[in-house]
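> File name entry-v7.txt; file contents compact mmCIF, C-alpha atoms; full text below.
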# COMPACT_ATOMS: atom_id res chain seq x y z
CA MET A 1 121.47 104.49 63.42
CA PRO A 2 123.22 104.91 66.73
CA THR A 3 126.43 106.89 66.95
CA GLU A 4 129.28 105.99 69.28
CA ARG A 5 127.67 108.17 71.98
CA THR A 6 124.06 107.15 71.59
CA ARG A 7 124.56 103.39 71.27
CA VAL A 8 123.24 101.66 74.41
CA ARG A 9 126.20 99.49 75.44
CA ARG A 10 125.04 98.11 78.76
CA ARG A 11 122.02 95.89 78.06
CA PRO A 12 122.00 96.65 74.32
CA GLU A 13 118.62 94.91 73.97
CA ARG A 14 117.12 97.90 75.80
CA GLY A 15 118.34 100.40 73.19
CA HIS A 16 115.98 101.75 70.53
CA TYR A 17 116.88 104.08 67.70
CA ASP A 18 113.67 104.33 65.70
CA ARG A 19 111.92 107.68 65.68
CA ALA A 20 108.48 106.26 66.53
CA THR A 21 109.81 104.94 69.86
CA ILE A 22 111.84 108.08 70.57
CA ASP A 23 108.98 110.43 69.66
CA ALA A 24 106.40 108.62 71.81
CA ILE A 25 108.60 109.07 74.88
CA LEU A 26 109.33 112.72 74.10
CA ASP A 27 105.62 113.42 73.57
CA GLU A 28 104.63 111.93 76.92
CA ALA A 29 107.21 113.94 78.85
CA LEU A 30 106.37 117.26 80.48
CA LEU A 31 109.98 118.09 81.14
CA CYS A 32 113.52 117.17 80.34
CA HIS A 33 116.87 117.62 82.06
CA VAL A 34 119.36 119.56 79.97
CA GLY A 35 123.08 119.24 80.53
CA VAL A 36 125.66 121.76 79.36
CA VAL A 37 129.35 122.27 80.04
CA VAL A 38 130.11 125.66 81.61
CA ASP A 39 133.77 126.46 82.32
CA GLY A 40 134.56 122.76 82.02
CA GLU A 41 131.98 121.73 84.63
CA PRO A 42 128.62 120.02 84.11
CA PHE A 43 125.33 121.88 84.73
CA VAL A 44 121.95 120.13 84.63
CA ILE A 45 118.59 121.89 84.91
CA PRO A 46 114.98 120.82 84.37
CA THR A 47 112.82 122.58 81.81
CA THR A 48 109.67 121.94 79.80
CA ILE A 49 110.13 120.29 76.42
CA VAL A 50 107.99 120.14 73.30
CA ARG A 51 108.56 117.98 70.24
CA GLU A 52 107.32 118.92 66.81
CA GLY A 53 108.39 116.98 63.75
CA ASP A 54 112.13 116.42 63.74
CA TRP A 55 112.85 118.96 66.49
CA VAL A 56 112.54 119.43 70.20
CA TYR A 57 112.02 122.93 71.56
CA LEU A 58 113.08 124.48 74.85
CA HIS A 59 112.37 128.00 76.01
CA GLY A 60 113.06 130.31 78.90
CA SER A 61 114.42 133.65 79.93
CA PRO A 62 117.18 135.22 77.79
CA LYS A 63 118.93 135.64 81.16
CA ASN A 64 118.91 131.89 81.87
CA ARG A 65 122.59 130.97 82.01
CA LEU A 66 122.21 127.46 80.68
CA LEU A 67 120.03 128.45 77.73
CA THR A 68 122.28 131.39 76.82
CA THR A 69 125.29 129.05 76.94
CA ILE A 70 123.53 126.81 74.42
CA ALA A 71 122.51 129.83 72.34
CA ALA A 72 126.21 130.79 72.23
CA GLY A 73 127.07 127.43 70.69
CA ALA A 74 127.63 124.96 73.54
CA ALA A 75 126.60 121.35 72.97
CA ALA A 76 123.60 120.10 74.96
CA CYS A 77 122.53 116.71 76.24
CA ILE A 78 118.74 116.57 76.62
CA THR A 79 117.43 113.66 78.68
CA VAL A 80 113.81 112.69 79.25
CA THR A 81 112.83 109.98 81.73
CA LEU A 82 109.43 108.40 82.36
CA VAL A 83 109.30 106.08 85.35
CA ASP A 84 106.76 103.29 84.87
CA SER A 85 107.27 100.99 87.87
CA ILE A 86 109.30 100.16 90.90
CA VAL A 87 110.73 96.67 90.43
CA ALA A 88 111.11 94.86 93.74
CA GLY A 89 113.23 91.73 93.34
CA ARG A 90 114.21 89.15 95.94
CA SER A 91 117.67 90.67 96.40
CA GLY A 92 119.19 94.14 96.43
CA PHE A 93 120.70 93.23 93.11
CA GLY A 94 117.21 92.50 91.77
CA MET A 95 115.85 95.97 92.65
CA SER A 96 115.23 98.18 89.65
CA MET A 97 112.77 100.42 87.87
CA ASP A 98 110.92 99.92 84.65
CA TYR A 99 111.32 103.15 82.72
CA ARG A 100 111.55 104.75 79.30
CA SER A 101 114.18 107.37 78.58
CA VAL A 102 115.52 109.34 75.65
CA VAL A 103 118.89 111.02 75.31
CA ILE A 104 119.51 113.60 72.58
CA PHE A 105 122.91 115.12 71.85
CA ALA A 106 122.55 118.32 69.86
CA HIS A 107 123.45 121.92 69.37
CA GLY A 108 120.61 124.38 69.72
CA GLU A 109 119.46 126.94 67.18
CA VAL A 110 118.01 130.22 68.40
CA ILE A 111 114.64 131.06 66.90
CA ASP A 112 114.59 134.76 66.01
CA ASP A 113 111.54 135.10 63.78
CA PRO A 114 108.76 136.76 65.84
CA ALA A 115 106.00 134.96 63.93
CA GLU A 116 107.60 131.59 64.62
CA LYS A 117 108.15 132.50 68.29
CA ASN A 118 104.50 133.49 68.49
CA ARG A 119 103.45 130.17 66.99
CA LEU A 120 105.63 128.29 69.47
CA VAL A 121 103.97 130.03 72.42
CA TYR A 122 100.72 128.29 71.45
CA ARG A 123 102.55 125.03 70.75
CA PHE A 124 103.92 124.98 74.31
CA VAL A 125 100.51 125.78 75.81
CA GLU A 126 98.88 123.03 73.77
CA ALA A 127 101.57 120.49 74.66
CA ILE A 128 101.36 121.17 78.39
CA ILE A 129 97.60 121.53 78.81
CA PRO A 130 95.74 120.69 75.60
CA GLY A 131 92.73 122.87 74.93
CA HIS A 132 93.82 125.77 77.15
CA GLN A 133 93.04 129.21 75.69
CA VAL A 134 95.38 132.16 76.22
CA ARG A 135 95.38 135.78 75.08
CA PRO A 136 97.75 136.77 72.23
CA ALA A 137 101.41 137.23 73.20
CA LYS A 138 102.73 140.78 73.44
CA PRO A 139 105.87 141.77 71.47
CA GLN A 140 107.75 142.50 74.71
CA GLU A 141 106.86 139.01 75.99
CA LEU A 142 108.22 137.42 72.82
CA ASN A 143 111.35 139.55 73.16
CA ALA A 144 111.74 138.35 76.72
CA THR A 145 111.60 134.67 75.72
CA LEU A 146 114.44 132.67 74.25
CA PHE A 147 113.32 129.76 72.07
CA LEU A 148 115.80 127.09 71.05
CA ARG A 149 115.29 124.12 68.78
CA PHE A 150 117.39 120.96 68.59
CA PRO A 151 117.38 118.33 65.83
CA ILE A 152 116.38 114.80 66.86
CA GLU A 153 119.30 113.22 65.02
CA GLU A 154 121.84 111.91 67.50
CA ALA A 155 119.26 110.35 69.80
CA SER A 156 118.45 107.05 71.44
CA ALA A 157 115.78 105.58 73.66
CA LYS A 158 116.30 103.09 76.46
CA ILE A 159 113.41 101.03 77.71
CA ARG A 160 113.30 98.65 80.64
CA ASP A 161 109.95 96.90 80.80
CA VAL A 162 110.80 93.39 81.96
CA GLY A 163 109.75 93.66 85.61
CA VAL A 164 111.42 91.23 88.02
CA VAL A 165 114.37 89.31 86.59
CA ASP A 166 115.62 87.39 89.64
CA PRO A 167 117.81 84.34 88.99
CA GLU A 168 115.95 81.04 89.07
CA GLU A 169 117.50 79.93 92.38
CA ASP A 170 115.90 82.95 94.11
CA GLN A 171 112.42 81.94 93.05
CA ALA A 172 112.12 79.30 95.75
CA LEU A 173 112.68 81.90 98.48
CA ASP A 174 109.90 82.87 100.86
CA LEU A 175 110.02 86.47 99.68
CA TRP A 176 107.58 88.63 97.78
CA ALA A 177 108.72 90.11 94.48
CA GLY A 178 106.82 92.14 91.94
CA VAL A 179 106.34 95.52 90.39
CA VAL A 180 104.52 98.55 91.74
CA PRO A 181 103.26 100.54 88.74
CA LEU A 182 103.62 104.31 89.01
CA LYS A 183 101.63 106.98 87.22
CA LEU A 184 101.62 110.75 87.13
CA VAL A 185 97.99 111.71 87.75
CA ALA A 186 96.17 115.01 87.99
CA GLY A 187 94.12 116.08 90.99
CA GLU A 188 91.18 118.48 91.08
CA PRO A 189 92.12 121.76 89.33
CA ARG A 190 92.43 124.79 91.60
CA PRO A 191 91.10 127.89 89.82
CA CYS A 192 93.06 131.14 90.13
CA PRO A 193 91.46 133.15 92.99
CA ALA A 194 91.33 136.22 90.73
CA LEU A 195 89.21 134.60 87.98
CA LYS A 196 86.50 136.74 86.43
CA PRO A 197 83.31 135.74 88.28
CA GLY A 198 81.36 133.02 86.52
CA THR A 199 84.39 131.47 84.76
CA ALA A 200 83.81 127.71 84.96
CA THR A 201 86.63 125.19 85.26
CA PRO A 202 86.95 123.74 81.76
CA ASP A 203 86.80 120.03 81.05
CA TYR A 204 90.37 120.03 79.67
CA ALA A 205 91.59 121.02 83.16
CA LYS A 206 89.38 118.51 84.98
CA GLY A 207 90.35 115.70 82.65
CA TRP A 208 94.06 116.43 82.20
CA LYS A 209 96.20 113.40 81.57
CA ARG A 210 99.36 112.52 79.70
CA PRO A 211 99.04 111.08 76.16
CA MET B 1 125.61 129.59 102.07
CA PRO B 2 125.30 129.60 98.29
CA THR B 3 128.41 129.57 96.10
CA GLU B 4 128.67 131.43 92.82
CA ARG B 5 127.32 128.33 91.04
CA THR B 6 124.51 127.39 93.38
CA ARG B 7 123.08 130.84 93.99
CA VAL B 8 119.69 131.13 92.30
CA ARG B 9 120.04 134.32 90.26
CA ARG B 10 116.82 134.34 88.28
CA ARG B 11 113.97 134.76 90.79
CA PRO B 12 116.27 134.73 93.82
CA GLU B 13 113.26 134.48 96.14
CA ARG B 14 112.84 130.91 94.89
CA GLY B 15 116.31 129.85 96.05
CA HIS B 16 116.77 127.90 99.28
CA TYR B 17 120.05 126.86 100.82
CA ASP B 18 119.01 125.31 104.13
CA ARG B 19 119.55 121.60 104.52
CA ALA B 20 116.03 120.89 105.81
CA THR B 21 114.54 122.14 102.53
CA ILE B 22 117.18 120.44 100.39
CA ASP B 23 116.91 117.13 102.26
CA ALA B 24 113.11 116.99 102.06
CA ILE B 25 113.26 117.26 98.26
CA LEU B 26 116.05 114.68 97.98
CA ASP B 27 114.14 112.28 100.23
CA GLU B 28 110.98 112.48 98.16
CA ALA B 29 112.79 111.83 94.88
CA LEU B 30 113.08 108.35 93.41
CA LEU B 31 115.63 109.39 90.86
CA CYS B 32 117.99 112.12 89.86
CA HIS B 33 119.62 113.19 86.60
CA VAL B 34 123.40 113.17 86.77
CA GLY B 35 125.49 115.28 84.44
CA VAL B 36 129.16 114.68 83.70
CA VAL B 37 131.59 116.04 81.14
CA VAL B 38 133.05 113.33 78.89
CA ASP B 39 135.61 114.45 76.28
CA GLY B 40 134.38 118.01 76.73
CA GLU B 41 130.75 117.14 76.01
CA PRO B 42 127.82 116.92 78.44
CA PHE B 43 126.22 113.56 79.33
CA VAL B 44 123.06 113.31 81.42
CA ILE B 45 121.53 110.05 82.65
CA PRO B 46 118.78 109.16 85.13
CA THR B 47 119.55 106.96 88.12
CA THR B 48 118.10 106.21 91.54
CA ILE B 49 119.31 108.37 94.41
CA VAL B 50 119.38 107.89 98.18
CA ARG B 51 120.22 110.50 100.78
CA GLU B 52 121.64 109.60 104.18
CA GLY B 53 122.92 112.28 106.50
CA ASP B 54 125.21 114.67 104.67
CA TRP B 55 125.59 112.47 101.58
CA VAL B 56 123.72 111.33 98.54
CA TYR B 57 124.46 107.91 97.10
CA LEU B 58 124.31 106.62 93.55
CA HIS B 59 125.03 103.11 92.38
CA GLY B 60 125.22 101.08 89.24
CA SER B 61 127.33 98.80 87.14
CA PRO B 62 131.12 99.23 87.26
CA LYS B 63 130.80 99.24 83.46
CA ASN B 64 128.49 102.27 83.47
CA ARG B 65 130.45 104.93 81.59
CA LEU B 66 129.06 107.90 83.45
CA LEU B 67 129.60 106.41 86.91
CA THR B 68 133.12 105.25 86.06
CA THR B 69 133.92 108.73 84.77
CA ILE B 70 132.87 110.12 88.14
CA ALA B 71 134.80 107.40 89.95
CA ALA B 72 137.88 108.49 87.99
CA GLY B 73 137.52 112.02 89.38
CA ALA B 74 135.17 113.93 87.08
CA ALA B 75 132.87 116.52 88.65
CA ALA B 76 129.18 115.72 88.72
CA CYS B 77 126.03 117.81 88.73
CA ILE B 78 123.17 115.92 90.38
CA THR B 79 119.70 117.35 89.79
CA VAL B 80 116.43 116.20 91.33
CA THR B 81 113.08 117.59 90.17
CA LEU B 82 109.62 117.06 91.65
CA VAL B 83 106.78 118.49 89.57
CA ASP B 84 103.85 119.59 91.74
CA SER B 85 101.47 121.31 89.31
CA ILE B 86 100.87 122.58 85.84
CA VAL B 87 100.28 126.33 86.06
CA ALA B 88 97.89 127.53 83.36
CA GLY B 89 97.92 131.31 83.12
CA ARG B 90 95.93 133.59 80.83
CA SER B 91 98.85 134.04 78.41
CA GLY B 92 101.67 131.90 77.05
CA PHE B 93 103.96 133.95 79.22
CA GLY B 94 101.86 132.98 82.26
CA MET B 95 102.29 129.23 81.67
CA SER B 96 104.54 127.51 84.16
CA MET B 97 104.94 124.64 86.57
CA ASP B 98 105.07 124.60 90.32
CA TYR B 99 108.02 122.40 91.21
CA ARG B 100 110.77 121.71 93.71
CA SER B 101 114.28 120.99 92.54
CA VAL B 102 117.73 120.48 94.02
CA VAL B 103 121.07 120.86 92.28
CA ILE B 104 124.24 119.43 93.86
CA PHE B 105 127.72 120.04 92.49
CA ALA B 106 130.16 117.49 93.84
CA HIS B 107 132.88 114.99 93.22
CA GLY B 108 132.03 111.39 94.01
CA GLU B 109 133.88 109.05 96.34
CA VAL B 110 133.95 105.36 95.52
CA ILE B 111 132.85 103.14 98.40
CA ASP B 112 135.18 100.16 98.60
CA ASP B 113 134.43 98.65 102.00
CA PRO B 114 132.33 95.49 101.41
CA ALA B 115 130.50 95.88 104.74
CA GLU B 116 129.49 99.44 103.87
CA LYS B 117 128.45 98.37 100.37
CA ASN B 118 126.36 95.61 101.90
CA ARG B 119 124.70 98.11 104.25
CA LEU B 120 123.95 100.42 101.33
CA VAL B 121 122.20 97.63 99.43
CA TYR B 122 119.58 97.56 102.19
CA ARG B 123 119.48 101.36 102.36
CA PHE B 124 118.58 101.53 98.66
CA VAL B 125 115.89 98.87 99.05
CA GLU B 126 114.39 100.69 102.03
CA ALA B 127 114.47 104.07 100.28
CA ILE B 128 112.75 102.78 97.16
CA ILE B 129 110.14 100.47 98.67
CA PRO B 130 110.10 100.74 102.48
CA GLY B 131 109.51 97.45 104.26
CA HIS B 132 110.62 95.23 101.37
CA GLN B 133 112.61 92.16 102.44
CA VAL B 134 115.46 90.81 100.34
CA ARG B 135 117.92 87.95 100.72
CA PRO B 136 121.52 88.79 101.71
CA ALA B 137 123.74 90.14 98.96
CA LYS B 138 126.37 87.79 97.49
CA PRO B 139 130.02 88.88 97.38
CA GLN B 140 130.03 88.74 93.58
CA GLU B 141 126.96 91.00 93.51
CA LEU B 142 128.71 93.55 95.72
CA ASN B 143 131.77 93.32 93.47
CA ALA B 144 129.57 93.96 90.47
CA THR B 145 128.10 97.14 91.97
CA LEU B 146 129.77 100.53 92.05
CA PHE B 147 128.62 102.73 94.93
CA LEU B 148 129.47 106.43 94.93
CA ARG B 149 128.76 109.04 97.58
CA PHE B 150 128.64 112.81 97.15
CA PRO B 151 128.70 115.44 99.89
CA ILE B 152 125.66 117.74 100.10
CA GLU B 153 127.79 120.85 100.39
CA GLU B 154 127.58 122.87 97.21
CA ALA B 155 123.83 122.50 96.86
CA SER B 156 120.72 124.59 96.40
CA ALA B 157 116.99 124.09 96.15
CA LYS B 158 114.62 126.02 93.92
CA ILE B 159 110.93 126.04 94.68
CA ARG B 160 108.11 127.53 92.66
CA ASP B 161 104.84 127.25 94.55
CA VAL B 162 103.01 130.46 93.69
CA GLY B 163 100.54 129.13 91.12
CA VAL B 164 99.19 131.64 88.61
CA VAL B 165 100.95 135.03 88.59
CA ASP B 166 99.25 136.81 85.69
CA PRO B 167 99.50 140.59 85.59
CA GLU B 168 96.48 142.38 87.01
CA GLU B 169 95.26 143.62 83.62
CA ASP B 170 94.85 139.98 82.48
CA GLN B 171 92.50 139.17 85.34
CA ALA B 172 89.53 140.82 83.66
CA LEU B 173 89.83 138.51 80.65
CA ASP B 174 87.22 135.88 79.92
CA LEU B 175 89.78 133.07 80.26
CA TRP B 176 90.19 130.31 82.78
CA ALA B 177 93.43 130.17 84.75
CA GLY B 178 94.49 127.87 87.53
CA VAL B 179 96.72 125.03 88.55
CA VAL B 180 96.35 121.32 87.86
CA PRO B 181 98.06 119.48 90.73
CA LEU B 182 100.12 116.44 89.72
CA LYS B 183 101.05 113.46 91.82
CA LEU B 184 103.05 110.29 91.31
CA VAL B 185 100.73 107.52 92.50
CA ALA B 186 101.07 103.76 92.72
CA GLY B 187 98.71 101.33 91.08
CA GLU B 188 97.88 97.77 92.12
CA PRO B 189 101.10 95.78 92.60
CA ARG B 190 101.72 93.02 90.04
CA PRO B 191 103.32 90.01 91.74
CA CYS B 192 106.20 88.24 89.99
CA PRO B 193 104.67 85.28 88.08
CA ALA B 194 107.32 82.97 89.57
CA LEU B 195 106.46 83.67 93.23
CA LYS B 196 106.52 80.73 95.59
CA PRO B 197 102.86 79.61 95.83
CA GLY B 198 101.02 81.20 98.74
CA THR B 199 103.19 84.33 98.90
CA ALA B 200 100.76 87.15 99.62
CA THR B 201 101.23 90.70 98.33
CA PRO B 202 102.49 92.63 101.35
CA ASP B 203 100.83 95.81 102.61
CA TYR B 204 103.98 97.85 101.92
CA ALA B 205 103.55 97.09 98.21
CA LYS B 206 99.80 97.77 98.20
CA GLY B 207 100.20 101.01 100.11
CA TRP B 208 103.35 102.39 98.48
CA LYS B 209 103.56 106.16 98.35
CA ARG B 210 106.23 108.82 98.44
CA PRO B 211 107.09 110.40 101.82
If you convert what's in this file into structure tokens, what do you get?


Amino acid sequence: MPTERTRVRRRPERGHYDRATIDAILDEALLCHVGVVVDGEPFVIPTTIVREGDWVYLHGSPKNRLLTTIAAGAAACITVTLVDSIVAGRSGFGMSMDYRSVVIFAHGEVIDDPAEKNRLVYRFVEAIIPGHQVRPAKPQELNATLFLRFPIEEASAKIRDVGVVDPEEDQALDLWAGVVPLKLVAGEPRPCPALKPGTATPDYAKGWKRP
Amino acid sequence: MPTERTRVRRRPERGHYDRATIDAILDEALLCHVGVVVDGEPFVIPTTIVREGDWVYLHGSPKNRLLTTIAAGAAACITVTLVDSIVAGRSGFGMSMDYRSVVIFAHGEVIDDPAEKNRLVYRFVEAIIPGHQVRPAKPQELNATLFLRFPIEEASAKIRDVGVVDPEEDQALDLWAGVVPLKLVAGEPRPCPALKPGTATPDYAKGWKRP
């Protein structure tokens, strides 16, 4: 159920509060934008995001100001946006985008348990580039990484997928209108120049795409 | 020159404060994430952004809570992020993204002049889908649109473009590492079903790409 903050007021028909819709958007996203209040002023930074069950996870340096502010108890607003199309209407007013977004309001919990931090390292790798193999994490690397988790409780999705919605009187105009679909696609992988000789580019890198 | 807020402290070599670098990132972006403090809590929403000269412009409904909060004087943090590659290192610690981002701290000014609002309608159209023709805006449409401009003064860019940076001892491992370049690409335009018969899909829609 939406709260006062998560309820989509403008265009309420575009608001969604079911977890299946919210989770699908979170799972397709590579990154989110996190907002925090620091000294009364807003700060927004991008960072990678992973969902697992009823939580989203962020991570970064223990020196990252925004993450340490959250770790110290500050509320966060985590927003994910997937742009699906440019919508070109017959007027400036009819210009738009089709998109899917999620907003989560939550406080973050610091994850201290080294075993859980170690597990999350692999979770992030798998979420970003499924199939990629990495060596085990070193204790000093885990110590130098701050993991935070946030409950997906006060959350909502907003979806615009209706394309052009010009008023009927505009439809007689001699103007083109339509949507230009957009997609995030992967190019040819570029192997690290220092690879051990003979290391082939794996199929998971060649065939990377979003879920 | 960076201020205390805009100075990139972590990895200072990735911070850029020159307008050419900042402007190029802003001009490539279709949207930004805007953060505002409402009742002491952070709110972050996505919205389209246009740069012109020393200003960035946002627009939306005069009923949009976040924009009206800014119009009433609240500080904003405007963040733009372009993801260029997934960086797959040989450890979880070596996972990253190559990206370019800009953060602007600013207060917004409401644009009241109808002629300037009318001009901005076309500016937004041209920024989002260059070459697209629209009918003139109606006075009630201009009245129903809130335009805000923000000075690009307290702003910084952060660029990661170094690919894999695994420590030397990892390079002997039998693991693939490399970058998977990502690009936002346009698909085949889908014309509005209500187009006037005989309206061809224009080349600007077929050939859309980011600058």

> Could you list, as a PDB file with C-alpha atoms, in the frame of the given file, every residue of chain B that has an atom within 7 Å of an atom of chain A, counting only C-alpha atoms?


ATOM      1  CA  HIS B  33     119.620 113.190  86.600  1.00  0.00           C
ATOM      2  CA  GLY B  35     125.490 115.280  84.440  1.00  0.00           C
ATOM      3  CA  VAL B  36     129.160 114.680  83.700  1.00  0.00           C
ATOM      4  CA  VAL B  37     131.590 116.040  81.140  1.00  0.00           C
ATOM      5  CA  GLU B  41     130.750 117.140  76.010  1.00  0.00           C
ATOM      6  CA  PRO B  42     127.820 116.920  78.440  1.00  0.00           C
ATOM      7  CA  PHE B  43     126.220 113.560  79.330  1.00  0.00           C
ATOM      8  CA  VAL B  44     123.060 113.310  81.420  1.00  0.00           C
ATOM      9  CA  ILE B  45     121.530 110.050  82.650  1.00  0.00           C
ATOM     10  CA  PRO B  46     118.780 109.160  85.130  1.00  0.00           C
ATOM     11  CA  ALA B  75     132.870 116.520  88.650  1.00  0.00           C
ATOM     12  CA  ALA B  76     129.180 115.720  88.720  1.00  0.00           C
ATOM     13  CA  CYS B  77     126.030 117.810  88.730  1.00  0.00           C
ATOM     14  CA  THR B  79     119.700 117.350  89.790  1.00  0.00           C
ATOM     15  CA  THR B  81     113.080 117.590  90.170  1.00  0.00           C
ATOM     16  CA  ARG B  90      95.930 133.590  80.830  1.00  0.00           C
ATOM     17  CA  SER B  91      98.850 134.040  78.410  1.00  0.00           C
ATOM     18  CA  GLY B  92     101.670 131.900  77.050  1.00  0.00           C
ATOM     19  CA  PHE B  93     103.960 133.950  79.220  1.00  0.00           C
ATOM     20  CA  VAL B 121     122.200  97.630  99.430  1.00  0.00           C
ATOM     21  CA  TYR B 122     119.580  97.560 102.190  1.00  0.00           C
ATOM     22  CA  VAL B 125     115.890  98.870  99.050  1.00  0.00           C
ATOM     23  CA  GLN B 133     112.610  92.160 102.440  1.00  0.00           C
ATOM     24  CA  VAL B 134     115.460  90.810 100.340  1.00  0.00           C
ATOM     25  CA  ARG B 135     117.920  87.950 100.720  1.00  0.00           C
ATOM     26  CA  PRO B 136     121.520  88.790 101.710  1.00  0.00           C
ATOM     27  CA  ALA B 137     123.740  90.140  98.960  1.00  0.00           C
ATOM     28  CA  GLU B 141     126.960  91.000  93.510  1.00  0.00           C
ATOM     29  CA  VAL B 164      99.190 131.640  88.610  1.00  0.00           C
ATOM     30  CA  GLN B 171      92.500 139.170  85.340  1.00  0.00           C
ATOM     31  CA  ALA B 172      89.530 140.820  83.660  1.00  0.00           C
ATOM     32  CA  LEU B 173      89.830 138.510  80.650  1.00  0.00           C
ATOM     33  CA  ASP B 174      87.220 135.880  79.920  1.00  0.00           C
ATOM     34  CA  LEU B 175      89.780 133.070  80.260  1.00  0.00           C
ATOM     35  CA  TRP B 176      90.190 130.310  82.780  1.00  0.00           C
ATOM     36  CA  ALA B 177      93.430 130.170  84.750  1.00  0.00           C
ATOM     37  CA  GLY B 178      94.490 127.870  87.530  1.00  0.00           C
ATOM     38  CA  VAL B 179      96.720 125.030  88.550  1.00  0.00           C
ATOM     39  CA  VAL B 180      96.350 121.320  87.860  1.00  0.00           C
ATOM     40  CA  PRO B 181      98.060 119.480  90.730  1.00  0.00           C
ATOM     41  CA  LEU B 182     100.120 116.440  89.720  1.00  0.00           C
ATOM     42  CA  LYS B 183     101.050 113.460  91.820  1.00  0.00           C
ATOM     43  CA  LEU B 184     103.050 110.290  91.310  1.00  0.00           C
ATOM     44  CA  VAL B 185     100.730 107.520  92.500  1.00  0.00           C
ATOM     45  CA  ALA B 186     101.070 103.760  92.720  1.00  0.00           C
ATOM     46  CA  GLY B 187      98.710 101.330  91.080  1.00  0.00           C
ATOM     47  CA  GLU B 188      97.880  97.770  92.120  1.00  0.00           C
ATOM     48  CA  PRO B 189     101.100  95.780  92.600  1.00  0.00           C
ATOM     49  CA  ARG B 190     101.720  93.020  90.040  1.00  0.00           C
ATOM     50  CA  PRO B 191     103.320  90.010  91.740  1.00  0.00           C
ATOM     51  CA  CYS B 192     106.200  88.240  89.990  1.00  0.00           C
ATOM     52  CA  ALA B 194     107.320  82.970  89.570  1.00  0.00           C
ATOM     53  CA  LEU B 195     106.460  83.670  93.230  1.00  0.00           C
ATOM     54  CA  LYS B 196     106.520  80.730  95.590  1.00  0.00           C
ATOM     55  CA  THR B 199     103.190  84.330  98.900  1.00  0.00           C
ATOM     56  CA  THR B 201     101.230  90.700  98.330  1.00  0.00           C
ATOM     57  CA  ALA B 205     103.550  97.090  98.210  1.00  0.00           C
TER      58      ALA B 205
END

> Considering all atoms listed in the file, return as a list in words whatever protein or nucleic-acid residues lie within 12 Å of Pro2 (chain A), sequence-local ones (same chain, fewer than 5 positions apart) excluded.

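The filter keeps Arg7, Val8, Arg9, Pro12, Gly15, His16, Tyr17, Asp18, Arg19, Val103, Ile104, Phe105, Glu153, Glu154, Ala155, Ser156 and Ala157 of chain A.
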
> Could you please determine the separation between CA of Ile111 (chain A) and CA of Gly53 (chain A) in Å, to one decimal place?

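Pair CA of Ile111 (chain A) / CA of Gly53 (chain A) returns 15.7 Å.
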
> Enter the distance from CA of Pro130 (chain B) to CA of Ala29 (chain B), in Å, rounded to one decimal.

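CA of Pro130 (chain B) sits 13.7 Å away from CA of Ala29 (chain B).
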
> In Å, rounded to a single decimal, give me how far CA of Pro211 (chain B) is from CA of Arg100 (chain A).

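Those two atoms sit 23.6 Å apart.
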
> From the set A:Asp161, A:Glu109, A:Leu58, A:Arg51, which residue has the shortest atom-to-atom contact distance to Ile22 (chain A), counting only C-alpha atoms?

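Closest to Ile22 (chain A) of all the choices is A:Arg51.
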
> Would you compute, for all listed atoms of region 39-42 of chain B, the axis-aligned bounding box grown by 6 Å on each side, and then report its centre and edge lengths in Å rounded to one decimal, as JSON?


{"center_x": 131.7, "center_y": 116.2, "center_z": 77.2, "size_x": 19.8, "size_y": 15.6, "size_z": 14.4}

> Output region 52-58 of chain B as a PDB file, in the frame of the given file, making sure N, CA, C and O atoms are there.


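See out30.pdb below for the written result:
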ATOM      1  N   GLU B  52     121.475 110.038 102.792  1.00  0.00           N
ATOM      2  CA  GLU B  52     121.640 109.600 104.180  1.00  0.00           C
ATOM      3  C   GLU B  52     122.581 110.596 104.823  1.00  0.00           C
ATOM      4  O   GLU B  52     123.724 110.747 104.370  1.00  0.00           O
ATOM      5  N   GLY B  53     122.087 111.288 105.838  1.00  0.00           N
ATOM      6  CA  GLY B  53     122.920 112.280 106.500  1.00  0.00           C
ATOM      7  C   GLY B  53     123.377 113.342 105.524  1.00  0.00           C
ATOM      8  O   GLY B  53     122.573 113.902 104.768  1.00  0.00           O
ATOM      9  N   ASP B  54     124.662 113.586 105.490  1.00  0.00           N
ATOM     10  CA  ASP B  54     125.210 114.670 104.670  1.00  0.00           C
ATOM     11  C   ASP B  54     125.649 114.214 103.280  1.00  0.00           C
ATOM     12  O   ASP B  54     126.404 114.911 102.598  1.00  0.00           O
ATOM     13  N   TRP B  55     125.154 113.035 102.857  1.00  0.00           N
ATOM     14  CA  TRP B  55     125.590 112.470 101.580  1.00  0.00           C
ATOM     15  C   TRP B  55     124.418 112.012 100.744  1.00  0.00           C
ATOM     16  O   TRP B  55     123.396 111.596 101.268  1.00  0.00           O
ATOM     17  N   VAL B  56     124.614 112.073  99.426  1.00  0.00           N
ATOM     18  CA  VAL B  56     123.720 111.330  98.540  1.00  0.00           C
ATOM     19  C   VAL B  56     124.526 110.204  97.904  1.00  0.00           C
ATOM     20  O   VAL B  56     125.739 110.330  97.690  1.00  0.00           O
ATOM     21  N   TYR B  57     123.828 109.107  97.634  1.00  0.00           N
ATOM     22  CA  TYR B  57     124.460 107.910  97.100  1.00  0.00           C
ATOM     23  C   TYR B  57     123.862 107.546  95.756  1.00  0.00           C
ATOM     24  O   TYR B  57     122.642 107.592  95.575  1.00  0.00           O
ATOM     25  N   LEU B  58     124.732 107.179  94.836  1.00  0.00           N
ATOM     26  CA  LEU B  58     124.310 106.620  93.550  1.00  0.00           C
ATOM     27  C   LEU B  58     124.959 105.254  93.419  1.00  0.00           C
ATOM     28  O   LEU B  58     125.998 104.993  94.024  1.00  0.00           O
TER      29      LEU B  58
END
